[in-house]
file my_file21.txt (compact mmCIF, C-alpha atoms and all ligand atoms)
# COMPACT_ATOMS: atom_id res chain seq x y z
CA MET A 1 1.87 5.42 56.80
CA LEU A 2 0.46 8.78 57.76
CA ALA A 3 -2.82 10.60 57.22
CA GLU A 4 -3.61 14.10 58.39
CA GLY A 5 -7.03 15.70 58.41
CA LEU A 6 -8.49 13.61 55.59
CA HIS A 7 -11.79 14.84 54.22
CA LYS A 8 -14.01 13.14 51.69
CA ARG A 9 -17.58 13.99 50.76
CA PHE A 10 -20.07 11.98 48.75
CA ASP A 11 -23.10 13.90 47.47
CA GLY A 12 -22.43 16.66 49.98
CA LYS A 13 -22.27 14.25 52.92
CA ALA A 14 -18.98 13.77 54.78
CA ALA A 15 -17.63 10.21 54.70
CA LEU A 16 -14.30 11.35 56.18
CA ASP A 17 -14.35 14.38 58.41
CA GLY A 18 -10.81 15.10 59.57
CA PHE A 19 -9.45 11.58 59.78
CA ASP A 20 -5.90 11.15 61.15
CA LEU A 21 -3.76 8.05 61.21
CA ALA A 22 -0.14 7.17 61.95
CA VAL A 23 1.02 3.60 61.42
CA PRO A 24 4.70 2.81 62.05
CA ALA A 25 6.35 0.71 59.32
CA GLY A 26 6.17 -3.03 59.90
CA THR A 27 3.20 -2.89 62.26
CA VAL A 28 -0.47 -3.81 62.00
CA CYS A 29 -3.16 -1.20 62.50
CA GLY A 30 -6.72 -2.44 63.01
CA LEU A 31 -9.42 -0.06 61.85
CA LEU A 32 -12.74 -0.64 63.61
CA GLY A 33 -16.03 1.14 63.41
CA PRO A 34 -19.72 0.67 62.74
CA ASN A 35 -21.12 0.34 59.20
CA GLY A 36 -20.72 3.60 57.32
CA ALA A 37 -18.04 4.95 59.67
CA GLY A 38 -15.71 5.59 56.72
CA LYS A 39 -13.31 2.63 56.97
CA THR A 40 -13.45 1.61 53.32
CA THR A 41 -13.28 5.23 52.21
CA ALA A 42 -10.10 5.75 54.26
CA VAL A 43 -8.53 2.55 52.90
CA ARG A 44 -9.39 3.44 49.30
CA ILE A 45 -7.90 6.92 49.63
CA LEU A 46 -4.69 5.53 51.13
CA ALA A 47 -4.49 2.92 48.37
CA THR A 48 -4.92 5.74 45.77
CA LEU A 49 -8.20 4.32 44.44
CA LEU A 50 -10.16 7.33 45.57
CA ARG A 51 -9.27 11.01 45.45
CA LEU A 52 -9.31 12.92 48.73
CA ASP A 53 -11.07 16.29 49.07
CA GLY A 54 -8.80 17.64 51.80
CA GLY A 55 -5.87 16.77 54.05
CA ARG A 56 -2.80 14.80 53.11
CA ALA A 57 -1.53 11.25 53.31
CA GLU A 58 1.74 9.43 52.83
CA VAL A 59 2.03 5.72 52.16
CA ALA A 60 5.33 3.86 51.81
CA GLY A 61 7.05 7.25 51.95
CA HIS A 62 5.10 8.79 49.06
CA ASP A 63 2.30 11.31 48.86
CA VAL A 64 -0.91 9.55 47.78
CA VAL A 65 -1.93 12.39 45.45
CA ARG A 66 1.29 13.76 43.97
CA GLU A 67 3.12 10.41 43.87
CA ALA A 68 0.22 8.03 43.35
CA PRO A 69 2.06 5.77 40.85
CA ALA A 70 4.95 5.28 43.31
CA VAL A 71 2.46 4.39 46.05
CA ARG A 72 0.66 1.95 43.76
CA ARG A 73 3.87 0.10 43.02
CA GLN A 74 4.38 -0.65 46.71
CA VAL A 75 0.93 -1.50 47.99
CA ALA A 76 -1.56 -4.32 47.63
CA LEU A 77 -5.24 -4.11 48.44
CA ASN A 78 -7.78 -6.75 49.22
CA GLY A 79 -11.11 -5.01 49.18
CA GLN A 80 -14.70 -5.81 49.91
CA GLN A 81 -15.01 -6.29 46.13
CA SER A 82 -13.30 -9.20 44.48
CA THR A 83 -10.55 -9.06 41.86
CA VAL A 84 -10.97 -12.70 40.82
CA ASP A 85 -11.04 -13.36 37.06
CA ASP A 86 -14.05 -15.62 36.46
CA VAL A 87 -12.83 -17.15 33.22
CA LEU A 88 -9.59 -18.42 34.75
CA THR A 89 -9.23 -21.36 37.10
CA GLY A 90 -8.16 -20.82 40.70
CA ARG A 91 -4.62 -21.86 39.87
CA GLU A 92 -4.46 -19.63 36.78
CA ASN A 93 -5.69 -16.66 38.79
CA LEU A 94 -2.91 -17.06 41.34
CA VAL A 95 -0.21 -17.65 38.73
CA MET A 96 -1.37 -14.55 36.85
CA TRP A 97 -1.13 -12.47 40.03
CA GLY A 98 2.28 -13.93 40.80
CA ARG A 99 3.49 -12.87 37.33
CA LEU A 100 2.03 -9.38 37.91
CA TYR A 101 4.09 -9.25 41.10
CA HIS A 102 7.17 -10.09 38.98
CA LEU A 103 7.68 -13.68 40.09
CA SER A 104 9.25 -16.07 37.57
CA LYS A 105 6.93 -18.64 36.00
CA ARG A 106 8.32 -21.31 38.28
CA GLN A 107 8.10 -19.19 41.44
CA ALA A 108 4.58 -18.10 40.56
CA SER A 109 3.42 -21.65 40.10
CA LEU A 110 5.09 -22.87 43.30
CA ARG A 111 3.53 -20.06 45.28
CA ALA A 112 0.13 -20.74 43.69
CA GLU A 113 0.36 -24.40 44.79
CA GLU A 114 1.20 -23.41 48.38
CA LEU A 115 -1.64 -20.93 48.62
CA LEU A 116 -4.20 -23.27 47.03
CA GLU A 117 -3.29 -25.87 49.63
CA GLN A 118 -3.31 -23.41 52.49
CA PHE A 119 -6.67 -21.84 51.66
CA GLY A 120 -8.37 -25.19 51.06
CA LEU A 121 -8.67 -24.77 47.30
CA ALA A 122 -6.37 -27.56 46.11
CA ASP A 123 -9.30 -29.76 45.01
CA ALA A 124 -10.88 -26.91 43.07
CA ALA A 125 -7.62 -25.59 41.60
CA ASP A 126 -8.54 -26.47 38.02
CA LYS A 127 -12.14 -25.31 38.15
CA ARG A 128 -13.00 -21.97 36.63
CA ALA A 129 -13.58 -19.34 39.30
CA LYS A 130 -17.09 -18.66 38.02
CA HIS A 131 -18.07 -22.09 39.38
CA TYR A 132 -16.69 -21.33 42.84
CA SER A 133 -18.97 -20.78 45.82
CA GLY A 134 -18.96 -17.39 47.51
CA GLY A 135 -16.63 -18.59 50.24
CA MET A 136 -14.22 -20.15 47.75
CA ARG A 137 -14.04 -16.93 45.70
CA ARG A 138 -13.35 -14.98 48.86
CA ARG A 139 -10.50 -17.35 49.75
CA LEU A 140 -9.04 -17.18 46.26
CA ASP A 141 -9.20 -13.42 46.33
CA LEU A 142 -7.47 -13.36 49.72
CA ALA A 143 -4.82 -15.84 48.64
CA SER A 144 -3.90 -13.43 45.84
CA SER A 145 -3.08 -10.74 48.44
CA PHE A 146 -0.49 -12.97 50.06
CA ILE A 147 1.56 -13.98 47.02
CA THR A 148 4.38 -11.66 47.99
CA ALA A 149 4.98 -9.27 50.87
CA PRO A 150 4.29 -5.72 49.62
CA SER A 151 5.52 -2.64 51.56
CA VAL A 152 1.97 -1.92 52.59
CA LEU A 153 -0.99 -4.26 52.54
CA PHE A 154 -4.58 -3.03 52.87
CA LEU A 155 -7.12 -5.64 53.94
CA ASP A 156 -10.72 -4.48 54.00
CA GLU A 157 -12.69 -6.96 56.11
CA PRO A 158 -10.52 -9.87 55.05
CA THR A 159 -12.28 -12.55 57.06
CA THR A 160 -15.93 -11.53 56.88
CA GLY A 161 -17.89 -14.69 56.09
CA LEU A 162 -14.96 -17.10 56.44
CA ASP A 163 -15.14 -20.16 58.66
CA PRO A 164 -12.77 -20.38 61.66
CA ARG A 165 -10.19 -22.53 59.88
CA ASN A 166 -9.85 -20.11 57.00
CA ARG A 167 -9.80 -17.13 59.34
CA GLY A 168 -6.84 -18.82 61.03
CA GLU A 169 -5.05 -19.15 57.68
CA VAL A 170 -5.57 -15.46 56.94
CA TRP A 171 -4.22 -14.54 60.37
CA ARG A 172 -1.19 -16.74 59.77
CA GLU A 173 -0.49 -15.07 56.43
CA VAL A 174 -0.87 -11.60 57.94
CA LYS A 175 1.69 -12.52 60.60
CA ARG A 176 4.00 -13.92 57.93
CA VAL A 177 4.01 -10.78 55.75
CA VAL A 178 4.47 -8.60 58.83
CA ALA A 179 7.50 -10.70 59.80
CA GLU A 180 8.84 -9.89 56.33
CA GLY A 181 8.43 -6.18 56.98
CA THR A 182 5.01 -5.39 55.52
CA THR A 183 2.90 -2.68 57.13
CA VAL A 184 -0.75 -3.75 57.36
CA LEU A 185 -3.90 -1.67 57.61
CA LEU A 186 -6.84 -3.94 58.25
CA THR A 187 -10.49 -3.18 58.76
CA THR A 188 -12.57 -5.69 60.63
CA GLN A 189 -15.91 -6.20 62.31
CA TYR A 190 -14.40 -8.91 64.48
CA LEU A 191 -12.90 -7.57 67.64
CA ASP A 192 -11.04 -10.78 68.40
CA GLU A 193 -9.32 -10.39 65.04
CA ALA A 194 -8.09 -6.92 65.98
CA ASP A 195 -7.06 -8.25 69.37
CA GLN A 196 -5.05 -11.06 67.72
CA LEU A 197 -3.35 -9.10 64.98
CA ALA A 198 -3.22 -5.40 65.65
CA ASP A 199 -0.38 -3.56 67.36
CA GLN A 200 -2.60 -0.52 67.34
CA ILE A 201 -6.37 -0.13 67.10
CA VAL A 202 -8.14 2.89 65.68
CA VAL A 203 -11.86 3.12 66.32
CA MET A 204 -13.64 5.30 63.75
CA ASP A 205 -17.07 6.79 63.97
CA THR A 206 -18.69 9.24 61.55
CA GLY A 207 -15.55 9.81 59.53
CA ARG A 208 -13.09 10.53 62.29
CA VAL A 209 -11.07 8.82 65.00
CA ALA A 210 -13.13 8.14 68.11
CA ALA A 211 -10.36 6.36 70.07
CA GLN A 212 -7.03 4.71 69.51
CA GLY A 213 -4.34 2.76 71.31
CA THR A 214 -3.09 -0.77 71.84
CA PRO A 215 -5.81 -3.35 72.57
CA ASP A 216 -4.72 -3.43 76.22
CA HIS A 217 -4.63 0.33 76.48
CA LEU A 218 -8.17 0.61 75.14
CA LYS A 219 -9.44 -2.05 77.52
CA SER A 220 -7.78 -0.43 80.51
CA LYS A 221 -9.36 2.92 79.61
CA LEU A 222 -12.70 1.42 80.46
CA GLY A 223 -11.38 0.95 83.95
CA GLY A 224 -11.36 -2.36 85.74
CA ASP A 225 -13.74 -5.25 85.79
CA ARG A 226 -17.41 -5.55 85.06
CA ILE A 227 -20.12 -7.33 86.92
CA GLU A 228 -22.76 -9.08 84.85
CA VAL A 229 -26.13 -10.25 86.00
CA VAL A 230 -28.34 -12.46 83.84
CA VAL A 231 -32.02 -12.85 84.75
CA ARG A 232 -34.73 -15.25 83.55
CA ASN A 233 -37.44 -12.67 83.19
CA SER A 234 -37.13 -9.38 81.31
CA ASP A 235 -39.37 -7.64 83.89
CA GLU A 236 -36.47 -7.97 86.31
CA LEU A 237 -34.02 -6.05 84.11
CA PRO A 238 -34.94 -2.57 85.43
CA VAL A 239 -34.68 -3.82 89.03
CA VAL A 240 -31.19 -5.19 88.38
CA ALA A 241 -30.20 -1.99 86.56
CA GLY A 242 -31.32 -0.05 89.66
CA VAL A 243 -29.10 -2.20 91.85
CA LEU A 244 -26.06 -1.90 89.57
CA GLY A 245 -26.31 1.87 89.46
CA GLU A 246 -26.36 4.72 86.96
CA ASP A 247 -23.80 3.29 84.53
CA ALA A 248 -25.55 -0.05 84.16
CA GLU A 249 -25.92 -1.28 80.58
CA VAL A 250 -28.96 -3.37 79.79
CA ASP A 251 -28.90 -5.98 77.04
CA HIS A 252 -32.58 -6.78 76.52
CA ASP A 253 -31.93 -9.65 74.11
CA ALA A 254 -29.53 -11.44 76.42
CA PHE A 255 -31.53 -10.63 79.60
CA ARG A 256 -28.28 -9.21 80.94
CA VAL A 257 -27.26 -6.13 82.88
CA SER A 258 -23.63 -5.14 83.37
CA ALA A 259 -21.70 -2.35 85.04
CA ALA A 260 -18.13 -1.43 85.87
CA VAL A 261 -16.97 -2.26 89.39
CA VAL A 262 -13.88 -1.26 91.30
CA ASP A 263 -14.02 -3.50 94.31
CA ARG A 264 -14.54 -6.92 92.69
CA VAL A 265 -15.52 -9.34 95.46
CA ALA A 266 -17.15 -6.74 97.68
CA ALA A 267 -19.26 -5.69 94.68
CA LEU A 268 -20.30 -9.28 94.09
CA THR A 269 -21.46 -9.64 97.70
CA ARG A 270 -23.22 -6.28 97.67
CA VAL A 271 -25.08 -7.00 94.44
CA THR A 272 -26.06 -10.52 95.48
CA SER A 273 -27.63 -9.40 98.73
CA ALA A 274 -29.30 -6.34 97.15
CA LEU A 275 -30.91 -8.58 94.55
CA ALA A 276 -32.05 -11.05 97.18
CA ALA A 277 -33.60 -8.19 99.16
CA LYS A 278 -35.60 -7.23 96.07
CA GLY A 279 -36.67 -10.80 95.47
CA VAL A 280 -34.72 -11.19 92.21
CA GLU A 281 -33.24 -14.61 91.63
CA ALA A 282 -30.44 -14.23 89.10
CA GLU A 283 -29.71 -16.90 86.51
CA ASP A 284 -26.05 -15.96 86.64
CA ILE A 285 -23.80 -13.40 88.32
CA ALA A 286 -20.20 -13.05 87.19
CA LEU A 287 -17.22 -10.76 87.21
CA ARG A 288 -15.23 -10.36 84.06
CA ARG A 289 -12.47 -8.27 82.53
CA PRO A 290 -13.54 -5.78 79.87
CA THR A 291 -13.28 -6.99 76.29
CA LEU A 292 -12.83 -5.04 73.10
CA ASP A 293 -16.59 -5.41 72.67
CA ASP A 294 -17.08 -3.29 75.76
CA VAL A 295 -14.61 -0.75 74.39
CA PHE A 296 -16.39 -0.59 71.08
CA LEU A 297 -19.79 -0.22 72.68
CA ALA A 298 -18.58 2.45 75.08
CA ILE A 299 -16.95 4.47 72.30
CA THR A 300 -19.44 4.24 69.48
CA GLY A 301 -22.65 3.41 71.29
CA HIS A 302 -23.06 0.47 68.90
CA LYS A 303 -22.13 -3.14 69.17
CA ALA A 304 -19.74 -4.55 66.62
CA VAL A 305 -21.80 -5.95 63.78
CA ALA A 306 -20.36 -9.42 64.22
CA GLU A 307 -22.01 -9.67 67.59
CA VAL A 308 -25.34 -8.30 66.52
CA GLN A 309 -25.56 -11.01 63.87
CA SER A 310 -24.69 -13.88 66.15
N1 LIG B 1 -19.11 5.74 46.16
C1 LIG B 1 -19.91 6.28 47.08
N2 LIG B 1 -20.90 7.11 46.73
C2 LIG B 1 -21.71 7.68 47.66
N3 LIG B 1 -21.57 7.49 48.99
C3 LIG B 1 -20.59 6.68 49.40
C4 LIG B 1 -19.71 6.02 48.49
N4 LIG B 1 -18.82 5.28 49.19
C5 LIG B 1 -19.15 5.45 50.48
N5 LIG B 1 -20.20 6.29 50.63
C6 LIG B 1 -20.79 6.73 51.92
O1 LIG B 1 -19.75 7.15 52.77
C7 LIG B 1 -19.94 6.71 54.11
C8 LIG B 1 -18.76 5.85 54.56
O2 LIG B 1 -18.78 4.63 53.81
P1 LIG B 1 -17.66 3.51 53.95
O3 LIG B 1 -17.93 2.51 52.89
O4 LIG B 1 -16.33 4.16 53.97
O5 LIG B 1 -17.99 2.92 55.39
P2 LIG B 1 -17.41 1.62 56.09
O6 LIG B 1 -16.94 2.07 57.44
O7 LIG B 1 -16.44 0.93 55.22
O8 LIG B 1 -18.73 0.74 56.29
P3 LIG B 1 -18.91 -0.88 56.26
O9 LIG B 1 -18.61 -1.34 57.65
O10 LIG B 1 -20.38 -1.02 55.95
O11 LIG B 1 -18.03 -1.45 55.21
C9 LIG B 1 -21.28 5.99 54.10
O12 LIG B 1 -22.27 6.90 54.51
C10 LIG B 1 -21.48 5.61 52.66
O13 LIG B 1 -22.84 5.53 52.34
MG MG B 2 -16.38 -0.94 54.36
call {"tool": "encode", "arguments": {"input": "my_file21.txt", "output": "structure tokens"}}
result
Amino acid sequence: MLAEGLHKRFDGKAALDGFDLAVPAGTVCGLLGPNGAGKTTAVRILATLLRLDGGRAEVAGHDVVREAPAVRRQVALNGQQSTVDDVLTGRENLVMWGRLYHLSKRQASLRAEELLEQFGLADAADKRAKHYSGGMRRRLDLASSFITAPSVLFLDEPTTGLDPRNRGEVWREVKRVVAEGTTVLLTTQYLDEADQLADQIVVMDTGRVAAQGTPDHLKSKLGGDRIEVVVRNSDELPVVAGVLGEDAEVDHDAFRVSAAVVDRVAALTRVTSALAAKGVEAEDIALRRPTLDDVFLAITGHKAVAEVQS
């Protein structure tokens, strides 16, 4: 899958502003970025649901504009909007999708049974989807994306709002289709999800690529470990920030200040005695490796939404 210089405007405002992407076949690319970065727009263009204004893109070996029907035959999309048919039961929905993917009646019904079980819908299999809860609809919708293994699968925030068990099932299915050769482009607000699944991460901001690489590569770009100091009193935050130096990041809600360090243990000793000298008694002082959260924050200046909500 390849995109070069994609542009898309809505009402004169750029949603994509020179977006590039290269995803080798059979790998998973995780697309991260703050709300409004252009993730869904990029996915919809690549899945031929939206027309691009400039640039070019190839999916499953076909041009998304000139050969859109050929692309459509080889891709599946699970979007932020559901494709569940309300009038049908959960089981009927899955069998219908199986038939659309050219499974025999028997295969479609076997696969429906497996997926109902796996996504915790077996008990509700014969209820009409309009009586499903939000979470159940979401799971049914997701299950329909995993009936077969398409050449390319687009998953737009597949696990937003799912509980941990169901997130695990989605991850398992993603790994299964990838093992069968599917290329996956997945957007997510959860950095641990990208860490788990993605071979390559692309961080988007304001319609273009802000950073990309493997999860490890991105973490190592931040350079080394971080020291974190938590205080009891928010008045002490500026004092701690002064001790940790110019690059210190202050999290006012968590009463926490952190900064990159190069010399681990020496830094710990230095910070501890500097704080004592200023009469600050820290609640906690710790060293830790950078996480994708740090990467995201450093690149976009925002936290991932998932963390803001928690
Ligand atoms: N159909 C539309 N009409 C007008 N503006 C749109 C439309 N779709 C997207 N936009 C705008 O384009 C920009 C990118 O939106 P997009 O949905 O691609 O972001 P996103 O990264 O998927 O965000 P989120 O994390 O909230 O899902 C936003 O400013 C959005 O308001
Ligand atoms: Mg979106």
call {"tool": "closest_residue", "arguments": {"input": "my_file21.txt", "among": "A:Gly245, A:Leu31, A:Val71, A:Asp11", "to": "A:Asp199", "atoms": "only C-alpha atoms"}}
result
A:Leu31
call {"tool": "residues_near_ligand", "arguments": {"input": "my_file21.txt", "ligand": "ligand LIG 1 (chain B)", "cutoff": "7 Å", "atoms": "all atoms listed in the file", "output": "list in words"}}
result
Phe10, Asp11, Ala14, Ala15, Gly33, Pro34, Asn35, Gly36, Ala37, Gly38, Lys39, Thr40, Thr41 and Ala42 of chain A
call {"tool": "write_last_selection", "arguments": {"input": "my_file21.txt", "atoms": "C-alpha atoms", "output": "PDB file, in the frame of the given file"}}
result
ATOM      1  CA  PHE A  10     -20.070  11.980  48.750  1.00  0.00           C
ATOM      2  CA  ASP A  11     -23.100  13.900  47.470  1.00  0.00           C
ATOM      3  CA  ALA A  14     -18.980  13.770  54.780  1.00  0.00           C
ATOM      4  CA  ALA A  15     -17.630  10.210  54.700  1.00  0.00           C
ATOM      5  CA  GLY A  33     -16.030   1.140  63.410  1.00  0.00           C
ATOM      6  CA  PRO A  34     -19.720   0.670  62.740  1.00  0.00           C
ATOM      7  CA  ASN A  35     -21.120   0.340  59.200  1.00  0.00           C
ATOM      8  CA  GLY A  36     -20.720   3.600  57.320  1.00  0.00           C
ATOM      9  CA  ALA A  37     -18.040   4.950  59.670  1.00  0.00           C
ATOM     10  CA  GLY A  38     -15.710   5.590  56.720  1.00  0.00           C
ATOM     11  CA  LYS A  39     -13.310   2.630  56.970  1.00  0.00           C
ATOM     12  CA  THR A  40     -13.450   1.610  53.320  1.00  0.00           C
ATOM     13  CA  THR A  41     -13.280   5.230  52.210  1.00  0.00           C
ATOM     14  CA  ALA A  42     -10.100   5.750  54.260  1.00  0.00           C
TER      15      ALA A  42
END
call {"tool": "closest_residue", "arguments": {"input": "my_file21.txt", "among": "A:Val43, A:Ala122, A:Leu94, A:Ala198", "to": "ligand MG 2 (chain B)", "atoms": "all atoms listed in the file"}}
result
A:Val43
call {"tool": "residues_near_point", "arguments": {"input": "my_file21.txt", "point": "(-12.6, 1.5, 72.3)", "cutoff": "10 Å", "atoms": "all atoms listed in the file", "output": "list of chain:residue names"}}
result
A:Leu32, A:Gly33, A:Ile201, A:Val202, A:Val203, A:Met204, A:Ala210, A:Ala211, A:Gln212, A:Gly213, A:Thr214, A:Pro215, A:His217, A:Leu218, A:Lys219, A:Ser220, A:Lys221, A:Leu222, A:Thr291, A:Leu292, A:Asp293, A:Asp294, A:Val295, A:Phe296, A:Leu297, A:Ala298, A:Ile299, A:Thr300
call {"tool": "atom_distance", "arguments": {"input": "my_file21.txt", "atom1": "atom CA of A:Arg165", "atom2": "atom CA of A:Leu88"}}
result
25.5 Å
call {"tool": "closest_residue", "arguments": {"input": "my_file21.txt", "among": "A:Arg9, A:Val28, A:Gly207, A:Arg56", "to": "ligand MG 2 (chain B)", "atoms": "only C-alpha atoms and all ligand atoms"}}
result
A:Gly207
call {"tool": "atom_distance", "arguments": {"input": "my_file21.txt", "atom1": "atom CA of A:Pro290", "atom2": "atom CA of A:Ala260"}}
result
8.7 Å
call {"tool": "atom_distance", "arguments": {"input": "my_file21.txt", "atom1": "atom CA of A:Arg226", "atom2": "atom CA of A:Ala266"}}
result
12.7 Å
call {"tool": "closest_residue", "arguments": {"input": "my_file21.txt", "among": "A:Asn93, A:Ser234, A:Gln200, A:Thr160", "to": "ligand MG 2 (chain B)", "atoms": "all atoms listed in the file"}}
result
A:Thr160
call {"tool": "residues_around", "arguments": {"input": "my_file21.txt", "residues": "stretch 75-87 of chain A", "least_positions_apart": "5", "cutoff": "8 Å", "atoms": "all atoms listed in the file", "output": "ChimeraX atom specification"}}
result
/A:47,60,93,128-130,137-138,140-142,145,150-158
call {"tool": "closest_residue", "arguments": {"input": "my_file21.txt", "among": "A:Ile147, A:Leu50, A:Val209, A:Thr187", "to": "A:Leu21", "atoms": "all atoms listed in the file"}}
result
A:Val209
call {"tool": "closest_residue", "arguments": {"input": "my_file21.txt", "among": "A:Met136, A:Leu186, A:Leu46, A:Met96", "to": "ligand MG 2 (chain B)", "atoms": "only C-alpha atoms and all ligand atoms"}}
result
A:Leu186
call {"tool": "residues_near_point", "arguments": {"input": "my_file21.txt", "point": "(5.6, -15.1, 42.4)", "cutoff": "12 Å", "atoms": "all atoms listed in the file", "output": "PyMOL selection string"}}
result
chain A and resi 93-115+144-150
call {"tool": "residues_around", "arguments": {"input": "my_file21.txt", "residues": "A:Asp263", "least_positions_apart": "3", "cutoff": "12 Å", "atoms": "all atoms listed in the file", "output": "PyMOL selection string"}}
result
chain A and resi 223-227+260+266-271+287
call {"tool": "build_atoms", "arguments": {"input": "my_file21.txt", "residues": "stretch 142-159 of chain A", "atoms": "N, CA, C and O atoms", "output": "short mmCIF file (atom, residue, chain, number, x, y, z; two decimals), in the coordinates of the input"}}
result
data_model
loop_
_atom_site.label_atom_id
_atom_site.label_comp_id
_atom_site.auth_asym_id
_atom_site.auth_seq_id
_atom_site.Cartn_x
_atom_site.Cartn_y
_atom_site.Cartn_z
N LEU A 142 -8.40 -13.62 48.62
CA LEU A 142 -7.47 -13.36 49.72
C LEU A 142 -6.11 -13.95 49.44
O LEU A 142 -5.08 -13.31 49.67
N ALA A 143 -6.10 -15.18 48.92
CA ALA A 143 -4.82 -15.84 48.64
C ALA A 143 -3.99 -14.95 47.72
O ALA A 143 -2.77 -14.84 47.89
N SER A 144 -4.65 -14.27 46.78
CA SER A 144 -3.90 -13.43 45.84
C SER A 144 -3.21 -12.24 46.53
O SER A 144 -2.24 -11.70 46.03
N SER A 145 -3.72 -11.85 47.70
CA SER A 145 -3.08 -10.74 48.44
C SER A 145 -1.80 -11.17 49.13
O SER A 145 -1.02 -10.34 49.56
N PHE A 146 -1.62 -12.49 49.26
CA PHE A 146 -0.49 -12.97 50.06
C PHE A 146 0.58 -13.64 49.21
O PHE A 146 1.39 -14.40 49.70
N ILE A 147 0.56 -13.36 47.90
CA ILE A 147 1.56 -13.98 47.02
C ILE A 147 2.96 -13.49 47.36
O ILE A 147 3.89 -14.25 47.46
N THR A 148 3.09 -12.20 47.56
CA THR A 148 4.38 -11.66 47.99
C THR A 148 4.12 -10.79 49.22
O THR A 148 2.99 -10.71 49.68
N ALA A 149 5.15 -10.17 49.73
CA ALA A 149 4.98 -9.27 50.87
C ALA A 149 5.20 -7.84 50.37
O ALA A 149 6.34 -7.41 50.25
N PRO A 150 4.13 -7.09 50.09
CA PRO A 150 4.29 -5.72 49.62
C PRO A 150 4.74 -4.81 50.77
O PRO A 150 4.70 -5.23 51.93
N SER A 151 5.15 -3.56 50.47
CA SER A 151 5.52 -2.64 51.56
C SER A 151 4.32 -2.39 52.46
O SER A 151 4.44 -2.36 53.68
N VAL A 152 3.17 -2.19 51.82
CA VAL A 152 1.97 -1.92 52.59
C VAL A 152 0.83 -2.77 52.04
O VAL A 152 0.63 -2.83 50.84
N LEU A 153 0.14 -3.42 52.94
CA LEU A 153 -0.99 -4.26 52.54
C LEU A 153 -2.27 -3.73 53.20
O LEU A 153 -2.31 -3.54 54.41
N PHE A 154 -3.28 -3.45 52.37
CA PHE A 154 -4.58 -3.03 52.87
C PHE A 154 -5.54 -4.21 52.80
O PHE A 154 -5.70 -4.81 51.74
N LEU A 155 -6.16 -4.54 53.91
CA LEU A 155 -7.12 -5.64 53.94
C LEU A 155 -8.44 -5.09 54.46
O LEU A 155 -8.53 -4.70 55.63
N ASP A 156 -9.44 -5.03 53.59
CA ASP A 156 -10.72 -4.48 54.00
C ASP A 156 -11.66 -5.64 54.33
O ASP A 156 -12.15 -6.32 53.45
N GLU A 157 -11.88 -5.84 55.61
CA GLU A 157 -12.69 -6.96 56.11
C GLU A 157 -12.28 -8.29 55.51
O GLU A 157 -13.09 -8.98 54.88
N PRO A 158 -11.02 -8.68 55.72
CA PRO A 158 -10.52 -9.87 55.05
C PRO A 158 -11.23 -11.16 55.44
O PRO A 158 -11.31 -12.07 54.62
N THR A 159 -11.76 -11.24 56.64
CA THR A 159 -12.28 -12.55 57.06
C THR A 159 -13.79 -12.59 57.24
O THR A 159 -14.34 -13.55 57.75
#
